[in-house]
Amino acid sequence: MSAKNKIYCIVLFFYALFTNAQKLQLASSKNYIKDVEFILHQEKSFGSDTTALKQFLQPLVTPKFQVVYDGLLANGYSDFYNSINTVSNQYYLKSIQKAKISKNSSLQIWTQLNYVSYLYHYRDYIKLTPILLQLIDKIETLPADQIIAADESYKKIGWILQTFGDHAKSLQYFKNAEKTAVKNTSEYAAIINAIGLNYFYLGNDKLAASYLNKTAKLAKEIHDEIRYAKALGDLAMISEKKGDLKTASALLKNDIQISEHYKSDQNTMYASILLAKLYLKNNKPDAAKEVLNRAEKIAVAKTYFKKSELEIIKLKLEILKLQHSTENELILRRRMIVLEDSLQNEDGDLAINKANWIIEKSKYQQNIKEAGEKIKYESTLKNFYIIIFTMLSCIGLLVFIYFKKKYKNRHLRYEQKVASLELEKLKTEQKLSEVQDNLDSQIDYLKEKKKQIQNLKITIETIKKSSSYYIEKEEGKLNALLESHLMTESNWNAFKKQFQKEYPEFYSLLQEDFPEITDSNKRILLLQKLNFTNNETAELLGITSDAVKKSKQRLRKKLGEKYKTLFDRLTS
């Protein structure tokens with residue numbers, strides 16, 4: 001080996017030694033949650049170098065942080081294998097078990113969510129669902145300040161629930177994440193992007209567009225080009241829903257261009273599939289096929305993109321059908337069968353349906369458990385309930401007798417009051433029939449009626465505020481009596497007859513010079529001629545004082561200049 005090569009090897013050795021010597025830093029505050037968050041912020045990928053990973057995590061091998069060590073080591077092996085693997089599973093379950101022993105709720109939530117995130121990333125929805133249910137049950141009992149990396153935790157749960165189609169619940173978790181996340185960061189942009197998507201799936205396009213535009217603006221400001229591209233792709237779905245396929249296509253092309261530039265394969269693939277669907281809607285199968293070929297190269301590169309690969313194959317078969325072609329159809333169909341079989345328990349719709357079924361089953365079992373506990377509780381207290389029921393029955397009977405008697409007394413007082421008022425009305429009418437039939441007696445009669453109406457109104461208002469009002473609501477005798485006091489057609493005709501005798505010229509003036517005046521207007525004018533005020537007129541006619549004023553105003557407008565002649569005669 002030459003001297004040059006020896007020097008090169010020595011440099012490489014010391015570089016590797018220095019690199020591998022990097023170790024994670026620990027905090028020493030009194031807040032355990034903050035200490036764990038400080039550790040998590042340092043987490044990074046070591047790829048295939050598991051030795052460097054273990055050396056980096058070595059400071060965590062203490063009783064205080066052993067649970068975190070196992071969880072982060074599991075994440076490291078997940079990066080190494082880039083798939084579900086037994087080593088990661090072993091460490092994830094070990095960290096969960098140790099957290100359970102510690103009885104630290106915050107730590108239990110973090111370990112379970114760490115494992116659930118791993119299963120979600122590799123599309124094992126069936127296995128993650130029961131753990132997710134336990135996790136949600138725990139996290140909803142804790143305030144945000146007792147949850148490790150609260151914003152990240154809420155966000156992860158929100159993503160999973162969105163995948164399962166529970167958009168209302170997902171929105172709730174992303175809203176929690178929005179409250180706890182640091183503003184003007186990529187993390188915050190991802191959260192408001194997800195909120196926009198949930199609003200879109202819930203059918204609220206206006207709020208969806210608002211949040212997605214906010215995401216795009218923030219992503220540009222903080223130079224997060226990938227998040228900007230994703231926001232454009234999501235806005236494209238809104239444009240497509242509105243039927244604006246041109247705008248949707250332009251947004252997706254921009255999304256793909258940015259994603260390819262920054263080597264975001266997953267986003268490139270998703271946007272390409274959406275664009276291909278738009279091309280098919282526009283009857284452009286060749287353009288759709290070209291876009292799908294690029295997406296397919298990404299899909300086949302990762303085992304956890306099988307669902308996307310299956311979607312691409314189905315779109316390609318649709319293109320062949322449109323083109324009346326059978327080229328590679330057999331190969332595509334064989335691959336489709338393989339993928340559908342593989343996705344039975346992984347990433348397909350059936351797996352998601354199974355996961356939803358498990359959720360519903362868990363809810364049902366919980367309801368059964370609660371019902372069983374309720375029956376047991378009710379059985380224990382059965383004798384007590386019988387005693388209570390007997391006592392309450394006796395008390396109820398006594399109360400019933402008391403209130404029945406009270407009701408009879410109230411009803412009796414009510415009937416007496418109605419009889420008294422009816423007698424006053426009868427006396428007034430009898431008095432009118434006994435005196436001379438002239439206008440003065442009619443006026444006295446009307447004034448007496450006005451007093452009785454006022455008295456009746458006061459009585460009704462007093463009863464409304466008392467415990468006896470239900471009697472009036474049921475029988476309505478006082479209101480009926482009030483209605484009978486108002487000027488009826490018979491009363492009006494009698495009054496009009498006497499008025500004509502006393503004021504023949506004025507009545508003739510109304511009939512001959514003012515034919516446009518209605519009968520209801522005449523009633524008001526005749527009473528006003530006899531110096532009845534607006535309030536008195538209103539009470540006698542059963543209308544409001546404002547109604548009298550408005551009637552006179554409309555009459556003035558209707559008569560125009562003729563109104564002055566009428567007014568002069570009215571006041572003379």
# chains A, B, ... in the order shown; residues from 1 in each chain; ligands from 1
call {"tool": "select_by_dssp", "arguments": {"residues": "stretch 135-310 of chain A", "states": "helix (DSSP H, G or I)", "output": "PyMOL selection string"}}
result
chain A and resi 135-139+144-146+150-163+167-180+186-201+205-221+225-241+245-261+265-281+285-299+303-310
call {"tool": "residues_around", "arguments": {"residues": "A:Ile222", "least_positions_apart": "2", "cutoff": "12 Å", "atoms": "only C-alpha atoms", "output": "list in words"}}
result
Lys183, Asn184, Thr185, Ser186, Glu187, Tyr188, Ala189, Thr215, Ala216, Lys217, Leu218, Ala219, Lys220, Asp224, Glu225, Ile226, Arg227 and Tyr228 of chain A
call {"tool": "write_last_selection", "arguments": {"atoms": "N, CA, C and O atoms", "output": "PDB file, in the first residue's frame"}}
result
ATOM      1  N   LYS A 183     -46.277  28.255  15.608  1.00  0.00           N
ATOM      2  CA  LYS A 183     -46.746  28.880  14.369  1.00  0.00           C
ATOM      3  C   LYS A 183     -45.573  29.156  13.417  1.00  0.00           C
ATOM      4  O   LYS A 183     -44.415  29.225  13.813  1.00  0.00           O
ATOM      5  N   ASN A 184     -45.925  29.316  12.139  1.00  0.00           N
ATOM      6  CA  ASN A 184     -44.959  29.660  11.083  1.00  0.00           C
ATOM      7  C   ASN A 184     -43.811  28.651  10.970  1.00  0.00           C
ATOM      8  O   ASN A 184     -42.655  29.013  10.807  1.00  0.00           O
ATOM      9  N   THR A 185     -44.176  27.360  11.064  1.00  0.00           N
ATOM     10  CA  THR A 185     -43.200  26.282  10.888  1.00  0.00           C
ATOM     11  C   THR A 185     -43.757  25.281   9.884  1.00  0.00           C
ATOM     12  O   THR A 185     -44.962  25.287   9.586  1.00  0.00           O
ATOM     13  N   SER A 186     -42.894  24.404   9.400  1.00  0.00           N
ATOM     14  CA  SER A 186     -43.355  23.356   8.484  1.00  0.00           C
ATOM     15  C   SER A 186     -44.368  22.451   9.161  1.00  0.00           C
ATOM     16  O   SER A 186     -45.317  21.970   8.535  1.00  0.00           O
ATOM     17  N   GLU A 187     -44.137  22.206  10.451  1.00  0.00           N
ATOM     18  CA  GLU A 187     -45.057  21.373  11.222  1.00  0.00           C
ATOM     19  C   GLU A 187     -46.454  22.000  11.241  1.00  0.00           C
ATOM     20  O   GLU A 187     -47.467  21.324  11.030  1.00  0.00           O
ATOM     21  N   TYR A 188     -46.515  23.303  11.483  1.00  0.00           N
ATOM     22  CA  TYR A 188     -47.793  24.008  11.531  1.00  0.00           C
ATOM     23  C   TYR A 188     -48.456  24.013  10.145  1.00  0.00           C
ATOM     24  O   TYR A 188     -49.675  23.840  10.031  1.00  0.00           O
ATOM     25  N   ALA A 189     -47.655  24.172   9.103  1.00  0.00           N
ATOM     26  CA  ALA A 189     -48.191  24.155   7.731  1.00  0.00           C
ATOM     27  C   ALA A 189     -48.827  22.801   7.421  1.00  0.00           C
ATOM     28  O   ALA A 189     -49.892  22.727   6.798  1.00  0.00           O
ATOM     29  N   THR A 215     -52.145  27.427   3.862  1.00  0.00           N
ATOM     30  CA  THR A 215     -50.989  26.510   3.857  1.00  0.00           C
ATOM     31  C   THR A 215     -49.989  26.898   2.776  1.00  0.00           C
ATOM     32  O   THR A 215     -48.783  26.977   3.026  1.00  0.00           O
ATOM     33  N   ALA A 216     -50.508  27.110   1.560  1.00  0.00           N
ATOM     34  CA  ALA A 216     -49.640  27.454   0.433  1.00  0.00           C
ATOM     35  C   ALA A 216     -48.864  28.749   0.697  1.00  0.00           C
ATOM     36  O   ALA A 216     -47.658  28.844   0.428  1.00  0.00           O
ATOM     37  N   LYS A 217     -49.573  29.733   1.261  1.00  0.00           N
ATOM     38  CA  LYS A 217     -48.930  31.019   1.558  1.00  0.00           C
ATOM     39  C   LYS A 217     -47.827  30.864   2.598  1.00  0.00           C
ATOM     40  O   LYS A 217     -46.708  31.368   2.424  1.00  0.00           O
ATOM     41  N   LEU A 218     -48.131  30.129   3.691  1.00  0.00           N
ATOM     42  CA  LEU A 218     -47.142  29.920   4.747  1.00  0.00           C
ATOM     43  C   LEU A 218     -45.952  29.118   4.236  1.00  0.00           C
ATOM     44  O   LEU A 218     -44.796  29.440   4.531  1.00  0.00           O
ATOM     45  N   ALA A 219     -46.225  28.072   3.444  1.00  0.00           N
ATOM     46  CA  ALA A 219     -45.150  27.231   2.911  1.00  0.00           C
ATOM     47  C   ALA A 219     -44.179  28.051   2.053  1.00  0.00           C
ATOM     48  O   ALA A 219     -42.961  27.843   2.103  1.00  0.00           O
ATOM     49  N   LYS A 220     -44.727  28.977   1.295  1.00  0.00           N
ATOM     50  CA  LYS A 220     -43.878  29.849   0.477  1.00  0.00           C
ATOM     51  C   LYS A 220     -43.021  30.756   1.355  1.00  0.00           C
ATOM     52  O   LYS A 220     -41.831  30.967   1.094  1.00  0.00           O
ATOM     53  N   ASP A 224     -40.810  26.086   2.411  1.00  0.00           N
ATOM     54  CA  ASP A 224     -41.085  24.643   2.450  1.00  0.00           C
ATOM     55  C   ASP A 224     -41.760  24.289   1.125  1.00  0.00           C
ATOM     56  O   ASP A 224     -42.986  24.248   1.017  1.00  0.00           O
ATOM     57  N   GLU A 225     -40.950  24.029   0.116  1.00  0.00           N
ATOM     58  CA  GLU A 225     -41.470  23.836  -1.234  1.00  0.00           C
ATOM     59  C   GLU A 225     -42.309  22.564  -1.365  1.00  0.00           C
ATOM     60  O   GLU A 225     -43.287  22.531  -2.121  1.00  0.00           O
ATOM     61  N   ILE A 226     -41.949  21.511  -0.644  1.00  0.00           N
ATOM     62  CA  ILE A 226     -42.717  20.261  -0.723  1.00  0.00           C
ATOM     63  C   ILE A 226     -44.126  20.472  -0.165  1.00  0.00           C
ATOM     64  O   ILE A 226     -45.115  20.034  -0.756  1.00  0.00           O
ATOM     65  N   ARG A 227     -44.219  21.156   0.973  1.00  0.00           N
ATOM     66  CA  ARG A 227     -45.543  21.422   1.534  1.00  0.00           C
ATOM     67  C   ARG A 227     -46.350  22.323   0.601  1.00  0.00           C
ATOM     68  O   ARG A 227     -47.572  22.154   0.457  1.00  0.00           O
ATOM     69  N   TYR A 228     -45.691  23.268  -0.048  1.00  0.00           N
ATOM     70  CA  TYR A 228     -46.344  24.133  -1.021  1.00  0.00           C
ATOM     71  C   TYR A 228     -46.915  23.299  -2.164  1.00  0.00           C
ATOM     72  O   TYR A 228     -48.067  23.483  -2.574  1.00  0.00           O
TER      73      TYR A 228
END
call {"tool": "residues_around", "arguments": {"residues": "A:Asn535", "least_positions_apart": "2", "cutoff": "9 Å", "atoms": "only C-alpha atoms", "output": "short mmCIF file (atom, residue, chain, number, x, y, z; two decimals) with N, CA, C and O atoms, in the first residue's frame"}}
result
data_model
loop_
_atom_site.label_atom_id
_atom_site.label_comp_id
_atom_site.auth_asym_id
_atom_site.auth_seq_id
_atom_site.Cartn_x
_atom_site.Cartn_y
_atom_site.Cartn_z
N PHE A 532 -113.41 60.79 21.74
CA PHE A 532 -112.70 59.63 22.29
C PHE A 532 -111.23 59.72 21.84
O PHE A 532 -110.94 60.01 20.67
N THR A 533 -110.32 59.50 22.77
CA THR A 533 -108.87 59.56 22.44
C THR A 533 -108.48 58.32 21.62
O THR A 533 -109.25 57.36 21.49
N THR A 537 -110.35 54.77 21.75
CA THR A 537 -110.84 54.20 20.48
C THR A 537 -110.27 52.80 20.27
O THR A 537 -110.98 51.86 19.89
N ALA A 538 -108.97 52.68 20.50
CA ALA A 538 -108.29 51.39 20.30
C ALA A 538 -108.87 50.32 21.21
O ALA A 538 -109.10 49.18 20.79
N GLU A 539 -109.12 50.66 22.46
CA GLU A 539 -109.66 49.68 23.42
C GLU A 539 -111.06 49.23 23.02
O GLU A 539 -111.38 48.04 23.09
N LEU A 540 -111.90 50.17 22.56
CA LEU A 540 -113.26 49.83 22.18
C LEU A 540 -113.32 48.97 20.91
O LEU A 540 -114.18 48.11 20.78
N THR A 544 -104.71 48.20 18.52
CA THR A 544 -103.71 48.96 19.26
C THR A 544 -103.83 50.45 18.96
O THR A 544 -104.39 50.86 17.92
N SER A 545 -103.25 51.24 19.84
CA SER A 545 -103.25 52.70 19.64
C SER A 545 -102.47 53.06 18.37
O SER A 545 -102.85 53.97 17.64
N ASP A 546 -101.37 52.33 18.12
CA ASP A 546 -100.57 52.56 16.90
C ASP A 546 -101.39 52.28 15.66
O ASP A 546 -101.25 52.96 14.63
N VAL A 548 -104.56 52.71 15.31
CA VAL A 548 -105.46 53.86 15.12
C VAL A 548 -104.71 55.00 14.43
O VAL A 548 -105.19 55.61 13.48
#
call {"tool": "closest_atom_pairs", "arguments": {"of": "stretch 208-279 of chain A", "to": "stretch 190-195 of chain A", "cutoff": "8 Å", "atoms": "only C-alpha atoms", "output": "CSV"}}
result
residue,atom,partner,partner_atom,distance
A:Ala208,CA,A:Ile195,CA,7.4
A:Tyr211,CA,A:Ile192,CA,6.0
A:Leu212,CA,A:Asn193,CA,5.5
A:Lys214,CA,A:Ile192,CA,7.7
A:Thr215,CA,A:Asn193,CA,5.6
A:Arg227,CA,A:Ala190,CA,7.0
A:Ala231,CA,A:Asn193,CA,6.6
call {"tool": "atom_distance", "arguments": {"atom1": "atom CA of A:Thr180", "atom2": "atom CA of A:Gln112"}}
result
20.4 Å
call {"tool": "closest_residue", "arguments": {"among": "A:Ser28, A:Thr111, A:Thr51, A:Thr163", "to": "A:Tyr69", "atoms": "only C-alpha atoms"}}
result
A:Thr111
call {"tool": "closest_residue", "arguments": {"among": "A:Ser102, A:Ser117, A:Gln97, A:Asn409", "to": "A:Pro63", "atoms": "only C-alpha atoms"}}
result
A:Ser102
call {"tool": "closest_residue", "arguments": {"among": "A:Glu370, A:Glu260, A:Glu37, A:Glu309", "to": "A:Glu340", "atoms": "only C-alpha atoms"}}
result
A:Glu309
call {"tool": "residues_around", "arguments": {"residues": "A:Ile160", "least_positions_apart": "3", "cutoff": "10 Å", "atoms": "only C-alpha atoms", "output": "mmCIF file with all heavy atoms, in the first residue's frame"}}
result
data_model
loop_
_atom_site.group_PDB
_atom_site.id
_atom_site.type_symbol
_atom_site.label_atom_id
_atom_site.label_comp_id
_atom_site.auth_asym_id
_atom_site.auth_seq_id
_atom_site.Cartn_x
_atom_site.Cartn_y
_atom_site.Cartn_z
ATOM 1 N N VAL A 116 -47.702 2.605 16.822
ATOM 2 C CA VAL A 116 -48.799 2.790 15.874
ATOM 3 C C VAL A 116 -48.320 3.533 14.617
ATOM 4 O O VAL A 116 -48.707 3.196 13.491
ATOM 5 C CB VAL A 116 -49.964 3.565 16.553
ATOM 6 C CG1 VAL A 116 -50.930 4.136 15.520
ATOM 7 C CG2 VAL A 116 -50.715 2.653 17.511
ATOM 8 N N SER A 117 -47.454 4.526 14.802
ATOM 9 C CA SER A 117 -46.916 5.293 13.658
ATOM 10 C C SER A 117 -46.115 4.396 12.730
ATOM 11 O O SER A 117 -46.175 4.527 11.497
ATOM 12 C CB SER A 117 -46.036 6.438 14.164
ATOM 13 O OG SER A 117 -46.776 7.315 14.979
ATOM 14 N N TYR A 120 -48.580 2.188 10.889
ATOM 15 C CA TYR A 120 -49.301 3.013 9.918
ATOM 16 C C TYR A 120 -48.425 3.301 8.694
ATOM 17 O O TYR A 120 -48.901 3.247 7.558
ATOM 18 C CB TYR A 120 -49.729 4.318 10.584
ATOM 19 C CG TYR A 120 -50.390 5.305 9.655
ATOM 20 C CD1 TYR A 120 -51.669 5.078 9.145
ATOM 21 C CD2 TYR A 120 -49.754 6.487 9.276
ATOM 22 C CE1 TYR A 120 -52.297 5.968 8.295
ATOM 23 C CE2 TYR A 120 -50.362 7.397 8.428
ATOM 24 C CZ TYR A 120 -51.629 7.127 7.938
ATOM 25 O OH TYR A 120 -52.234 8.022 7.081
ATOM 26 N N HIS A 121 -47.142 3.576 8.949
ATOM 27 C CA HIS A 121 -46.223 3.886 7.848
ATOM 28 C C HIS A 121 -46.121 2.724 6.865
ATOM 29 O O HIS A 121 -46.067 2.928 5.646
ATOM 30 C CB HIS A 121 -44.840 4.212 8.412
ATOM 31 C CG HIS A 121 -43.828 4.582 7.356
ATOM 32 N ND1 HIS A 121 -43.868 5.773 6.680
ATOM 33 C CD2 HIS A 121 -42.756 3.899 6.857
ATOM 34 C CE1 HIS A 121 -42.870 5.825 5.807
ATOM 35 N NE2 HIS A 121 -42.189 4.689 5.891
ATOM 36 N N TYR A 125 -52.811 -1.759 8.964
ATOM 37 C CA TYR A 125 -53.930 -1.120 9.639
ATOM 38 C C TYR A 125 -54.629 -2.043 10.639
ATOM 39 O O TYR A 125 -55.155 -1.580 11.649
ATOM 40 C CB TYR A 125 -54.950 -0.628 8.607
ATOM 41 C CG TYR A 125 -54.398 0.402 7.643
ATOM 42 C CD1 TYR A 125 -54.776 0.398 6.302
ATOM 43 C CD2 TYR A 125 -53.513 1.376 8.083
ATOM 44 C CE1 TYR A 125 -54.278 1.348 5.417
ATOM 45 C CE2 TYR A 125 -53.009 2.329 7.213
ATOM 46 C CZ TYR A 125 -53.388 2.307 5.874
ATOM 47 O OH TYR A 125 -52.904 3.243 5.007
ATOM 48 N N LEU A 128 -52.652 -2.168 13.962
ATOM 49 C CA LEU A 128 -52.565 -0.899 14.708
ATOM 50 C C LEU A 128 -53.891 -0.481 15.346
ATOM 51 O O LEU A 128 -53.902 0.250 16.336
ATOM 52 C CB LEU A 128 -52.040 0.221 13.805
ATOM 53 C CG LEU A 128 -52.964 0.881 12.754
ATOM 54 C CD1 LEU A 128 -53.883 1.936 13.339
ATOM 55 C CD2 LEU A 128 -52.113 1.523 11.665
ATOM 56 N N THR A 129 -55.025 -0.949 14.792
ATOM 57 C CA THR A 129 -56.330 -0.435 15.234
ATOM 58 C C THR A 129 -56.622 -0.660 16.718
ATOM 59 O O THR A 129 -57.001 0.290 17.416
ATOM 60 C CB THR A 129 -57.450 -1.028 14.366
ATOM 61 O OG1 THR A 129 -57.190 -0.680 13.003
ATOM 62 C CG2 THR A 129 -58.803 -0.469 14.776
ATOM 63 N N LEU A 132 -54.513 1.640 18.699
ATOM 64 C CA LEU A 132 -54.974 3.016 18.519
ATOM 65 C C LEU A 132 -56.178 3.312 19.419
ATOM 66 O O LEU A 132 -56.265 4.393 20.010
ATOM 67 C CB LEU A 132 -55.343 3.255 17.049
ATOM 68 C CG LEU A 132 -55.909 4.632 16.700
ATOM 69 C CD1 LEU A 132 -54.869 5.717 16.942
ATOM 70 C CD2 LEU A 132 -56.402 4.676 15.265
ATOM 71 N N LYS A 155 -51.303 15.264 15.735
ATOM 72 C CA LYS A 155 -51.212 15.223 14.275
ATOM 73 C C LYS A 155 -51.196 13.782 13.764
ATOM 74 O O LYS A 155 -51.897 13.438 12.798
ATOM 75 C CB LYS A 155 -49.952 15.957 13.797
ATOM 76 C CG LYS A 155 -49.859 16.071 12.265
ATOM 77 C CD LYS A 155 -48.550 16.688 11.822
ATOM 78 C CE LYS A 155 -47.430 15.677 11.919
ATOM 79 N NZ LYS A 155 -46.198 16.123 11.260
ATOM 80 N N LYS A 156 -50.396 12.921 14.395
ATOM 81 C CA LYS A 156 -50.295 11.528 13.951
ATOM 82 C C LYS A 156 -51.634 10.804 14.052
ATOM 83 O O LYS A 156 -52.036 10.091 13.134
ATOM 84 C CB LYS A 156 -49.235 10.794 14.783
ATOM 85 C CG LYS A 156 -47.805 11.171 14.440
ATOM 86 C CD LYS A 156 -46.816 10.451 15.342
ATOM 87 C CE LYS A 156 -45.369 10.815 14.986
ATOM 88 N NZ LYS A 156 -44.394 10.151 15.896
ATOM 89 N N ILE A 157 -52.310 11.016 15.167
ATOM 90 C CA ILE A 157 -53.621 10.376 15.336
ATOM 91 C C ILE A 157 -54.598 10.927 14.289
ATOM 92 O O ILE A 157 -55.398 10.182 13.706
ATOM 93 C CB ILE A 157 -54.160 10.596 16.759
ATOM 94 C CG1 ILE A 157 -53.248 9.888 17.776
ATOM 95 C CG2 ILE A 157 -55.590 10.065 16.889
ATOM 96 C CD1 ILE A 157 -53.577 10.188 19.227
ATOM 97 N N THR A 163 -57.239 8.629 7.340
ATOM 98 C CA THR A 163 -57.109 7.466 6.464
ATOM 99 C C THR A 163 -58.293 6.523 6.627
ATOM 100 O O THR A 163 -58.798 5.954 5.654
ATOM 101 C CB THR A 163 -55.803 6.701 6.776
ATOM 102 O OG1 THR A 163 -54.692 7.577 6.596
ATOM 103 C CG2 THR A 163 -55.636 5.493 5.865
ATOM 104 N N PHE A 164 -58.769 6.368 7.871
ATOM 105 C CA PHE A 164 -59.902 5.481 8.135
ATOM 106 C C PHE A 164 -61.239 6.119 7.761
ATOM 107 O O PHE A 164 -62.280 5.502 7.897
ATOM 108 C CB PHE A 164 -59.930 5.084 9.617
ATOM 109 C CG PHE A 164 -58.864 4.087 9.993
ATOM 110 C CD1 PHE A 164 -58.617 3.789 11.317
ATOM 111 C CD2 PHE A 164 -58.101 3.449 9.029
ATOM 112 C CE1 PHE A 164 -57.642 2.870 11.677
ATOM 113 C CE2 PHE A 164 -57.118 2.531 9.369
ATOM 114 C CZ PHE A 164 -56.890 2.239 10.696
ATOM 115 N N GLY A 165 -61.209 7.379 7.324
ATOM 116 C CA GLY A 165 -62.436 8.044 6.889
ATOM 117 C C GLY A 165 -63.224 8.695 8.000
ATOM 118 O O GLY A 165 -64.337 9.187 7.777
ATOM 119 N N ASP A 166 -62.670 8.732 9.217
ATOM 120 C CA ASP A 166 -63.362 9.384 10.335
ATOM 121 C C ASP A 166 -62.941 10.859 10.361
ATOM 122 O O ASP A 166 -62.183 11.305 11.223
ATOM 123 C CB ASP A 166 -63.003 8.693 11.654
ATOM 124 C CG ASP A 166 -63.908 9.116 12.809
ATOM 125 O OD1 ASP A 166 -64.665 10.089 12.624
ATOM 126 O OD2 ASP A 166 -63.847 8.493 13.869
ATOM 127 N N HIS A 167 -63.469 11.631 9.400
ATOM 128 C CA HIS A 167 -62.984 12.993 9.179
ATOM 129 C C HIS A 167 -63.381 13.971 10.292
ATOM 130 O O HIS A 167 -62.629 14.895 10.599
ATOM 131 C CB HIS A 167 -63.472 13.505 7.827
ATOM 132 C CG HIS A 167 -62.990 12.666 6.684
ATOM 133 N ND1 HIS A 167 -61.659 12.540 6.369
ATOM 134 C CD2 HIS A 167 -63.665 11.878 5.809
ATOM 135 C CE1 HIS A 167 -61.540 11.728 5.334
ATOM 136 N NE2 HIS A 167 -62.731 11.311 4.976
ATOM 137 N N SER A 170 -60.979 13.167 13.071
ATOM 138 C CA SER A 170 -59.654 13.588 12.611
ATOM 139 C C SER A 170 -59.507 15.099 12.715
ATOM 140 O O SER A 170 -58.481 15.613 13.176
ATOM 141 C CB SER A 170 -59.445 13.142 11.158
ATOM 142 O OG SER A 170 -58.252 13.668 10.632
#
call {"tool": "residues_around", "arguments": {"residues": "A:Phe200", "least_positions_apart": "3", "cutoff": "12 Å", "atoms": "only C-alpha atoms", "output": "list of chain:residue names"}}
result
A:Gln162, A:His167, A:Ala168, A:Leu171, A:Asn193, A:Ala194, A:Ile195, A:Gly196, A:Leu197, A:Gly203, A:Asn204, A:Asp205, A:Lys206, A:Leu207, A:Ala208, A:Ala209, A:Ser210, A:Tyr211, A:Leu212, A:Asp234, A:Leu235, A:Ala236, A:Met237, A:Ile238, A:Ser239, A:Glu240, A:Lys241, A:Lys242
call {"tool": "write_last_selection", "arguments": {"atoms": "C-alpha atoms", "output": "CSV table (one decimal), in the first residue's frame"}}
result
chain,number,residue,atom,x,y,z
A,162,GLN,CA,-58.3,10.6,8.2
A,167,HIS,CA,-63.0,13.0,9.2
A,168,ALA,CA,-65.0,14.6,12.0
A,171,LEU,CA,-60.5,17.3,12.4
A,193,ASN,CA,-53.1,21.5,5.4
A,194,ALA,CA,-54.7,18.5,7.0
A,195,ILE,CA,-57.5,20.6,8.5
A,196,GLY,CA,-58.2,21.9,5.0
A,197,LEU,CA,-58.4,18.3,3.7
A,203,GLY,CA,-68.1,18.8,2.2
A,204,ASN,CA,-67.2,22.3,3.4
A,205,ASP,CA,-65.3,23.5,0.3
A,206,LYS,CA,-65.2,27.1,1.4
A,207,LEU,CA,-63.3,26.4,4.7
A,208,ALA,CA,-61.2,23.8,2.9
A,209,ALA,CA,-60.0,26.3,0.3
A,210,SER,CA,-59.3,28.9,3.1
A,211,TYR,CA,-57.0,26.5,5.0
A,212,LEU,CA,-55.3,25.2,1.9
A,234,ASP,CA,-55.1,19.4,-2.6
A,235,LEU,CA,-56.4,22.7,-4.1
A,236,ALA,CA,-56.6,20.9,-7.4
A,237,MET,CA,-59.2,18.5,-5.9
A,238,ILE,CA,-61.4,21.5,-5.0
A,239,SER,CA,-61.1,22.8,-8.5
A,240,GLU,CA,-62.0,19.4,-9.9
A,241,LYS,CA,-65.0,19.1,-7.7
A,242,LYS,CA,-66.2,22.5,-9.0
call {"tool": "atom_distance", "arguments": {"atom1": "atom CA of A:Ile109", "atom2": "atom CA of A:Thr62"}}
result
20.1 Å
call {"tool": "closest_residue", "arguments": {"among": "A:Val67, A:Leu332, A:Leu133, A:Leu559", "to": "A:Ser362", "atoms": "only C-alpha atoms"}}
result
A:Leu133
